[in-house]
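One structure below.
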Amino acid sequence: MDLAYLWFWIVGFLFVGYFVLDGFDFGVGMSLPFLGKNEVSRRQIINTIGPVWDLNETWVIVAGACLFAAFPEWYATLFSGFYLALLLILLALIVRGVSFEYRHQRDDPKWKRRFDAMIVVGSALPALLWGVAVANIVQGVPIDADHEFTGSLLTLLNPYGLLGGVTTLLLFFTHGLYFVALKTDGQVHADARRLATKAGIATLVVAAAFIVWTLVNAFSSGAPLAWLVLIAAAVAAVALLMAIISNAAEREGWAFGFGALTVAGAVLMLWFALFPNVMPSSTDPANSLTIENASSTDLTLTIMSWAALVFLPLVLLYQGWTYWVFRKRVTRSVIERAEVEAAH
């Protein structure tokens, strides 16, 4: 296989990992106003992702670095054209990260409420804008002969892009609720399960509309991997349905696993629909960025391939070990005991 095509799939794998892992982080953050009825509940919710949220975010850093090295033309066009949307995502991630670290620095309810609000915004905004950005990349955006984006932020806020954004927002929210239900006990656990059922049904309706629209675009445009788009869409749809059923049956582990498969299937659906382009032009197909005309030299890709062969398994092993170490539930009694100890 040509190395440029190999790296197209490696970058896709990295984005699958990022959206699966940071996706439930976003969902947990968005769940605070609905599940955090008191300080103990809010701490219980935040502590479910406390040991892993920053590790999950490293996936997007690695994906961006690989995009820069393997497909510099794609990186340049994407980051110069989508700079405002990506800047908003970056600022939201910074705000969210700061809030996790600072909310417990003062024993002041107003202080904590402000940072809780920042966690919610810092989770919801990326969840929405990532969907808008990826949907637009797949659909195609105005690119001129010099491979420069000629639109604006409003160009991205088209019906398909907004539907993609709402889909990822709801999907990550539901995915996060499954994680909270899996990792907590008591009232938070029960409330997360109930809310996940309602959110799952809403997600199913919105996601179905987005999937149908994506399939119509793929088959009408003659996408080379249209049938793989269909298969990935079917996997995502069935997995989402199974997640809802598993949650209703109080099988939180299965619900979260199927939720992760839903996110992975949805990202792969879009990646298959994008192939062999990396950034289609809606102005003129001749201006589109493809895997071949956007990639680096063979030497660069060869060096990157050897580096990935060595380091990617190590990263996966380390992340798996981290999740194993912090696999236990965050119980309410532990939080309450910590509150009493802190008071004394």
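Convention: chains lettered A, B, ... in structure tokens order; per-chain residue numbering from 1; ligands numbered from 1 as shown.
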
- Task: Give me the residues within 9 Å of region 237-249 of chain A as a PyMOL selection string, counting only C-alpha atoms and dropping any in the same chain fewer than 5 places off.
- Result: chain A and resi 178+181+193-194+196-197+200-201+203-204+207-208+211+232+254-263+265-266

Could those residues be written to a file, using N, CA and C atoms, as a tab-separated table (two decimals), in the first residue's frame?
chain	number	residue	atom	x	y	z
A	178	TYR	N	-23.58	7.30	29.76
A	178	TYR	CA	-23.30	5.87	29.96
A	178	TYR	C	-22.06	5.70	30.84
A	181	ALA	N	-22.94	6.53	34.47
A	181	ALA	CA	-23.70	5.42	35.05
A	181	ALA	C	-22.79	4.23	35.37
A	193	ARG	N	-28.65	6.93	34.40
A	193	ARG	CA	-29.30	5.89	33.59
A	193	ARG	C	-30.61	6.38	33.01
A	194	ARG	N	-31.41	7.05	33.83
A	194	ARG	CA	-32.70	7.55	33.34
A	194	ARG	C	-32.50	8.59	32.25
A	196	ALA	N	-29.92	8.96	30.33
A	196	ALA	CA	-29.30	8.34	29.16
A	196	ALA	C	-30.35	7.72	28.24
A	197	THR	N	-31.40	7.19	28.82
A	197	THR	CA	-32.48	6.61	28.00
A	197	THR	C	-33.15	7.68	27.15
A	200	GLY	N	-30.60	9.03	24.63
A	200	GLY	CA	-30.34	8.03	23.59
A	200	GLY	C	-31.40	8.02	22.51
A	201	ILE	N	-32.65	8.17	22.90
A	201	ILE	CA	-33.74	8.19	21.92
A	201	ILE	C	-33.65	9.44	21.05
A	203	THR	N	-30.93	11.11	20.42
A	203	THR	CA	-29.74	10.92	19.58
A	203	THR	C	-30.05	10.02	18.40
A	204	LEU	N	-30.82	8.97	18.64
A	204	LEU	CA	-31.18	8.01	17.59
A	204	LEU	C	-31.93	8.70	16.45
A	207	ALA	N	-29.39	11.30	14.75
A	207	ALA	CA	-28.33	10.56	14.06
A	207	ALA	C	-28.86	9.86	12.81
A	208	ALA	N	-30.08	9.35	12.88
A	208	ALA	CA	-30.67	8.69	11.72
A	208	ALA	C	-30.78	9.65	10.54
A	211	ILE	N	-27.25	10.25	9.19
A	211	ILE	CA	-26.76	9.07	8.46
A	211	ILE	C	-27.38	8.99	7.09
A	232	ALA	N	-20.51	0.99	7.74
A	232	ALA	CA	-20.15	1.72	8.96
A	232	ALA	C	-21.38	2.41	9.57
A	254	TRP	N	-22.00	-2.81	29.06
A	254	TRP	CA	-22.38	-3.05	27.67
A	254	TRP	C	-22.86	-1.76	27.00
A	255	ALA	N	-23.63	-0.96	27.74
A	255	ALA	CA	-24.14	0.30	27.18
A	255	ALA	C	-22.99	1.21	26.79
A	256	PHE	N	-21.99	1.32	27.67
A	256	PHE	CA	-20.84	2.17	27.35
A	256	PHE	C	-20.04	1.59	26.18
A	257	GLY	N	-19.86	0.29	26.15
A	257	GLY	CA	-19.14	-0.34	25.05
A	257	GLY	C	-19.83	-0.13	23.72
A	258	PHE	N	-21.14	-0.30	23.69
A	258	PHE	CA	-21.88	-0.05	22.45
A	258	PHE	C	-21.88	1.43	22.09
A	259	GLY	N	-21.86	2.30	23.12
A	259	GLY	CA	-21.76	3.73	22.84
A	259	GLY	C	-20.45	4.08	22.18
A	260	ALA	N	-19.36	3.46	22.66
A	260	ALA	CA	-18.04	3.68	22.04
A	260	ALA	C	-18.04	3.18	20.60
A	261	LEU	N	-18.67	2.01	20.37
A	261	LEU	CA	-18.75	1.47	19.01
A	261	LEU	C	-19.58	2.39	18.11
A	262	THR	N	-20.60	3.02	18.67
A	262	THR	CA	-21.41	3.97	17.89
A	262	THR	C	-20.57	5.14	17.40
A	263	VAL	N	-19.78	5.72	18.31
A	263	VAL	CA	-18.93	6.85	17.94
A	263	VAL	C	-17.90	6.41	16.89
A	265	GLY	N	-18.08	3.92	14.77
A	265	GLY	CA	-18.76	3.67	13.49
A	265	GLY	C	-19.12	4.96	12.78
A	266	ALA	N	-19.55	5.97	13.52
A	266	ALA	CA	-19.92	7.24	12.92
A	266	ALA	C	-18.70	7.94	12.30

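Across the structure, CA of His175 (chain A) and CA of Gly23 (chain A) are spaced 7.0 Å apart.
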
Give me the residues within 9 Å of Arg103 (chain A) as a PDB file with N, CA and C atoms, in the first residue's frame, counting only C-alpha atoms and dropping any in the same chain fewer than 5 places off.
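Here's the written file result19.pdb:
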ATOM      1  N   VAL A  98      -8.628  24.202  32.706  1.00  0.00           N
ATOM      2  CA  VAL A  98      -8.367  25.094  33.843  1.00  0.00           C
ATOM      3  C   VAL A  98      -9.428  24.902  34.926  1.00  0.00           C
ATOM      4  N   TRP A 111     -17.599  30.426  43.610  1.00  0.00           N
ATOM      5  CA  TRP A 111     -16.370  30.093  42.875  1.00  0.00           C
ATOM      6  C   TRP A 111     -16.551  28.779  42.114  1.00  0.00           C
ATOM      7  N   LYS A 112     -17.069  27.784  42.789  1.00  0.00           N
ATOM      8  CA  LYS A 112     -17.230  26.473  42.170  1.00  0.00           C
ATOM      9  C   LYS A 112     -18.294  26.495  41.084  1.00  0.00           C
ATOM     10  N   ARG A 113     -19.361  27.251  41.286  1.00  0.00           N
ATOM     11  CA  ARG A 113     -20.420  27.338  40.274  1.00  0.00           C
ATOM     12  C   ARG A 113     -19.906  27.954  38.982  1.00  0.00           C
ATOM     13  N   ARG A 114     -19.048  28.967  39.114  1.00  0.00           N
ATOM     14  CA  ARG A 114     -18.488  29.607  37.914  1.00  0.00           C
ATOM     15  C   ARG A 114     -17.651  28.605  37.119  1.00  0.00           C
ATOM     16  N   PHE A 115     -16.809  27.858  37.810  1.00  0.00           N
ATOM     17  CA  PHE A 115     -15.970  26.889  37.105  1.00  0.00           C
ATOM     18  C   PHE A 115     -16.785  25.712  36.582  1.00  0.00           C
ATOM     19  N   ASP A 116     -17.856  25.353  37.277  1.00  0.00           N
ATOM     20  CA  ASP A 116     -18.743  24.305  36.766  1.00  0.00           C
ATOM     21  C   ASP A 116     -19.392  24.742  35.458  1.00  0.00           C
TER      22      ASP A 116
END

- Message: Which residues are close to region 1-5 of chain A, i.e. within 9 Å by only C-alpha atoms, leaving aside same-chain residues fewer than 3 positions away? Reply as number ranges by chain.
- Response: A: 8-10, 70-71, 276, 291-292, 294-298, 301-302, 305

- Which residue of A:Asn136, A:Cys66, A:Val120, A:Glu57 approaches Ala307 (chain A) most closely, using only C-alpha atoms: A:Cys66
